[in-house]
Structure formats: C-alpha cells, structure tokens
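Trainee: Before I ask anything, let me first share the structure, which is written out below as structure tokens.
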Amino acid sequence: MENNWIAIDWGTTNFRAFLMNEQGECLSRVEESKGLLSVKKGDFPSTLEGLIGHWLTACPTLPILMAGMVGSKQGWKEAQYIETPASTSEFVGNTVTVFNGQANIIAGVSCSHNSVGMPDVMRGEEVQLIGLSDIIKKSTFFSILPGTHSKHVYWKDGLLERFSTVMTGELFSLLKHHSILGKDLPIQHNSQHVFLDGVCLGRQHPLNQILFSVRTRRLFDQIDEHNIESYLSGLLIGHELSQLSITESCFVVGNSLLTERYVQALNHLGFDAQQVSGDECFLAGMNHLYQSFKGENKSND
C-alpha cells in the first residue's frame, strides 16, 4: 500500500478518486456527487477525508494528485492557468499544494486566441489529452472532448497548441429543461436517423434560425415526439461541427454514449473519427504526470 498513490478528478458536480499502483493500474475507485458546488468554503480537507479516509487510514502518507475545477478560483486553491502552447513539464512544474503538502493540484490551461479570436480556458481536459497522446502514441493530433463545454483541441509536436470551447452540452440542458422545445415531452427514445437529420440541418443553417423547428416539426408530425431529444442533440452537435475543417483523424474522448454520438455525426459528415475512453485517458494522463512529478522530486533531493 505504501507504494500506491491517489488520482482525483474533482469537478463542479462530481468527485472521482482512483487508488493507483506504481505501474499506473487502478486498484479501486470512489465516485460521489460531491463536486465543488456541494462543498462549503473551507470544508475541502474534511470532505476529502470523508471520501478517501479508508485509503488514508491504511496508509496516511499516500501521495495525492488532483485535477479539474478543484484548482479554480471557486475550488480548494487556485492553480494558475498555463498559457498555450503548453508542455507536460509546465504542468508538472506549476502544481499547487494542499492538504498539508500531501496533495498537489494540476494547473489549468489558457488560450489567448481561440478559433474565433477569443480568450479560452480549460481545467481537467488537459490531463486527458496528455493521456491520449500516450495511448495513441502520437505527438500531433486533433481531438474533441464533448461534454457540458465541448473542447476542440490541436496538439502539436508534444504541446497543447490551441483549443476552443463550444457550449453544446449546456445549451442542450437549458433548451431541454427551460424552453418551449422540451416542454411536456414523453419518454424519449434514441433515433439515429432523426439525430443525423438534425446534424445535417444544424451544420447548414444558423442555429437561432433552425432551433424552432424542434417545436414545429413535432407539431406537424414530421418527427415522432419520442425522438425530439435526438433531433435537438443533432442540431446542436451539427452546429458545433459546422466550422470544423480537418483532414486528419479526430480522436473523440469522453464517456462511451456521448463519444459514440459524436463519432456518428463526424462520420456522417465525412470526417474520420475514433472513440477513446475518457477514463482511460484521464488515468493515463495522471500517471504520466505523477511519474514525471515523482522523478522531478527525486532529482531535487
């Protein structure tokens, strides 16, 4: 147990911890809806102890490496953003310590000019990208990380070169729960045909002009009311991909259901796309950072 360590993904709504061995294998995990929003200011140490106390009881000195929104201004302690292009060594050299020095938080990444010339930021996805590079054994690639705030990322020559954020997941939730488009829907069933129809329309038209068709096509029986979410999802993802201009393969990183949907959309639009597990990428990335961090500490001894 003394040679193990803990990797933590602490986000806005969820907490996930992984007990790892020296070879980077996951031995056990803890998952709870204990994100930042549910932790009162100053309660991070006690919350962490309550979640992984059984591991710390067995070995009180286990090293802990954390990533995600826990390092934001609203989190435990702010880990400053690293400006792109960012290297793995910069992440290792810019961690901040908490929990009496036992835990380190990985820095986030900032981009001064994204694809539309705006500043952009990410926290947590950078770890998945480091892991993805190790898994696919490529130093240059393009990746989409779908989610609440989808990320489009260019990784070049071993550096996180630039990225853009698209609020597809959050828009879907807002429209589903807080607009006329999702009102009084029956139980929904996935329809690939309806989804891909939405993808094509979302790619071709301005989003604010096509969204109301979610309501009208339901009213005129052009779309079964059990497939409305498939259509809405297709419109939003199609719009997200409307500015995409790549010739290389796209690696889609995340949970299997969401990445499968993106791969279907990308393939339908003529892009080559591959699914990669978000958990596998996160653990591979954390292991890469932990081994680098441990090596740097040894060299400083």
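Chains: A, B, ... in order of the structure tokens. Residues: from 1 per chain. Ligands: from 1, in order shown.
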Report the residues of segment 85-290 of chain A whose backbone DSSP state falls under strand (DSSP E), written as a PyMOL selection string.

Mentor: chain A and resi 96-98+103-105+109-111+120-122+141-145+150-156+159-166+250-254+273-277

Trainee: Could you tell me, as number ranges by chain, which residues of segment 23-142 of chain A DSSP assigns to alpha helix (DSSP H) when given the backbone?

Mentor: A: 44-58, 88-93, 125-136

Trainee: In terms of the shortest atom-to-atom distance over only C-alpha atoms, which of A:Asp221, A:Asp9, A:Glu170, A:Asp272 is closest to Ile105 of chain A?

Mentor: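 Of A:Asp221, A:Asp9, A:Glu170, A:Asp272, the one nearest Ile105 of chain A, counting only C-alpha atoms, is A:Asp9.
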
Trainee: Pick the closest to His239 of chain A from A:Ile210, A:Leu62, A:Val109, A:Leu132: which is it, counting only C-alpha atoms?

Mentor: A:Ile210

Trainee: Counting only C-alpha atoms, what is within 10 Å of Leu201 of chain A, bar same-chain residues fewer than 3 positions away, as a ChimeraX atom specification?

Mentor: /A:196-198,204-207,210-211,231,234-236,238-239,242

Trainee: Find the residues near Leu185 of chain A: any atom within 12 Å, counting only C-alpha atoms, skip ones fewer than 4 places away on the same chain, and give them as number ranges by chain.

Mentor: A: 176-177, 179-181, 189, 214-215, 218, 224-229

Trainee: Can I get the residues of segment 159-223 of chain A within 8 Å of segment 117-131 of chain A, each with the closest pair of atoms and their distance in Å to one decimal, using only C-alpha atoms, sorted chain first then ascending number, as CSV?

Mentor:
```
residue,atom,partner,partner_atom,distance
A:Leu160,CA,A:Glu126,CA,7.9
A:Phe163,CA,A:Asp120,CA,7.6
A:Ser164,CA,A:Asp120,CA,6.5
A:Thr165,CA,A:Asp120,CA,7.0
```

Trainee: So that I have them on file, write out the residues from the current selection with C-alpha atoms, as a compact mmCIF listing (two decimals), in the first residue's frame.

Mentor:
```txt
# COMPACT_ATOMS: atom_id res chain seq x y z
CA LEU A 160 -1.12 21.60 -26.28
CA PHE A 163 -8.22 24.94 -28.34
CA SER A 164 -11.77 26.27 -28.45
CA THR A 165 -14.80 25.72 -26.22
```

Trainee: Could you jot down the atom CA of Ile135 of chain A to atom CA of Asn267 of chain A separation for me, Å, one decimal place?

Mentor: 22.0 Å

Trainee: Quick one: contact table of segment 123-190 of chain A to segment 248-259 of chain A, 6 Å max, nearest atom pair and distance in Å to one decimal per residue, counting only C-alpha atoms, chain and number order, as CSV?

Mentor:
```
residue,atom,partner,partner_atom,distance
A:Phe142,CA,A:Cys250,CA,5.4
A:Ser143,CA,A:Phe251,CA,4.6
A:Ile144,CA,A:Val252,CA,4.9
A:Leu145,CA,A:Val253,CA,4.9
```

Trainee: As an MDAnalysis selection string, please: the residues near Ala265 of chain A (cut-off 9 Å, only C-alpha atoms, same-chain neighbours under 2 positions excluded).

Mentor: chainID A and resid 195:196 199:200 234 237:238 241 260:263 267:271

Trainee: Excluding segment 35-51 of chain A and its own-chain neighbours fewer than 2 positions away, which residues fall within 10 Å of it when counting only C-alpha atoms? Please give them as JSON, numbers by chain.

Mentor: {"A": [9, 10, 11, 12, 13, 14, 15, 16, 17, 30, 31, 32, 33, 53, 54, 55, 56, 57, 69, 70, 72, 74, 75, 76, 77, 98, 99, 100]}

Trainee: Using only C-alpha atoms, which residue out of A:Ser213, A:Gly158, A:Ser87, A:Phe293 lies closest to Lys137 of chain A?

Mentor: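 Distance minimum relative to Lys137 of chain A lands on A:Gly158.
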
Trainee: Closest to Ser89 of chain A among A:Ala107, A:Ala7, A:Arg162, A:Leu266, using only C-alpha atoms?

Mentor: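 Closest to Ser89 of chain A, using only C-alpha atoms: A:Ala107.
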
Trainee: Nearest to Leu244 of chain A among A:Cys59, A:Leu174, A:His152, A:Asn287, with distances taken over only C-alpha atoms: which residue is it?

Mentor: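 Using only C-alpha atoms, the shortest distance to Leu244 of chain A belongs to A:His152.
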
Trainee: One number please: atom CA of Phe91 of chain A to atom CA of Met1 of chain A, in Å, one decimal.

Mentor: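 Separation between atom CA of Phe91 of chain A and atom CA of Met1 of chain A: 26.5 Å.
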
Trainee: Between A:Leu65, A:Ile52, A:Leu19, A:Leu27, which residue has the minimum interatomic distance to Ser292 of chain A, considering only C-alpha atoms?

Mentor: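 Of all the options, A:Leu65 lies closest to Ser292 of chain A.
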
Trainee: Can you list, as a ChimeraX atom specification, every protein, DNA or RNA residue that comes within 7 Å of Ile106 of chain A when you count only C-alpha atoms, leaving out same-chain residues fewer than 4 positions away?

Mentor: /A:66-67,79,91,95

Trainee: Suppose we keep all heavy atoms; can you now write the selection as a PDB file, in the first residue's frame?

Mentor:
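Generated output (out_0.pdb):
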```
ATOM      1  N   MET A  66      -4.378  15.840  -7.914  1.00  0.00           N
ATOM      2  CA  MET A  66      -5.740  16.240  -8.253  1.00  0.00           C
ATOM      3  C   MET A  66      -5.764  17.113  -9.498  1.00  0.00           C
ATOM      4  O   MET A  66      -4.824  17.866  -9.775  1.00  0.00           O
ATOM      5  CB  MET A  66      -6.389  17.000  -7.089  1.00  0.00           C
ATOM      6  CG  MET A  66      -6.557  16.156  -5.843  1.00  0.00           C
ATOM      7  SD  MET A  66      -7.620  16.961  -4.599  1.00  0.00           S
ATOM      8  CE  MET A  66      -6.480  18.140  -3.910  1.00  0.00           C
ATOM      9  N   ALA A  67      -6.888  17.028 -10.237  1.00  0.00           N
ATOM     10  CA  ALA A  67      -7.084  17.852 -11.425  1.00  0.00           C
ATOM     11  C   ALA A  67      -8.547  18.263 -11.503  1.00  0.00           C
ATOM     12  O   ALA A  67      -9.409  17.691 -10.833  1.00  0.00           O
ATOM     13  CB  ALA A  67      -6.679  17.083 -12.683  1.00  0.00           C
ATOM     14  N   ALA A  79      -4.934  27.041  -8.953  1.00  0.00           N
ATOM     15  CA  ALA A  79      -3.725  26.710  -9.696  1.00  0.00           C
ATOM     16  C   ALA A  79      -3.764  27.537 -10.980  1.00  0.00           C
ATOM     17  O   ALA A  79      -4.649  27.348 -11.807  1.00  0.00           O
ATOM     18  CB  ALA A  79      -3.681  25.214 -10.024  1.00  0.00           C
ATOM     19  N   PHE A  91       3.091  21.623 -16.688  1.00  0.00           N
ATOM     20  CA  PHE A  91       2.063  21.185 -15.740  1.00  0.00           C
ATOM     21  C   PHE A  91       2.703  20.629 -14.483  1.00  0.00           C
ATOM     22  O   PHE A  91       2.256  20.907 -13.364  1.00  0.00           O
ATOM     23  CB  PHE A  91       1.156  20.130 -16.379  1.00  0.00           C
ATOM     24  CG  PHE A  91       0.284  20.668 -17.473  1.00  0.00           C
ATOM     25  CD1 PHE A  91       0.490  20.302 -18.784  1.00  0.00           C
ATOM     26  CD2 PHE A  91      -0.737  21.563 -17.191  1.00  0.00           C
ATOM     27  CE1 PHE A  91      -0.306  20.792 -19.797  1.00  0.00           C
ATOM     28  CE2 PHE A  91      -1.539  22.068 -18.194  1.00  0.00           C
ATOM     29  CZ  PHE A  91      -1.323  21.683 -19.502  1.00  0.00           C
ATOM     30  N   THR A  95       2.242  22.914 -10.233  1.00  0.00           N
ATOM     31  CA  THR A  95       1.206  22.436  -9.325  1.00  0.00           C
ATOM     32  C   THR A  95       1.189  23.293  -8.062  1.00  0.00           C
ATOM     33  O   THR A  95       2.165  23.976  -7.744  1.00  0.00           O
ATOM     34  CB  THR A  95       1.446  20.972  -8.935  1.00  0.00           C
ATOM     35  OG1 THR A  95       2.704  20.874  -8.254  1.00  0.00           O
ATOM     36  CG2 THR A  95       1.456  20.062 -10.148  1.00  0.00           C
TER      37      THR A  95
END
```
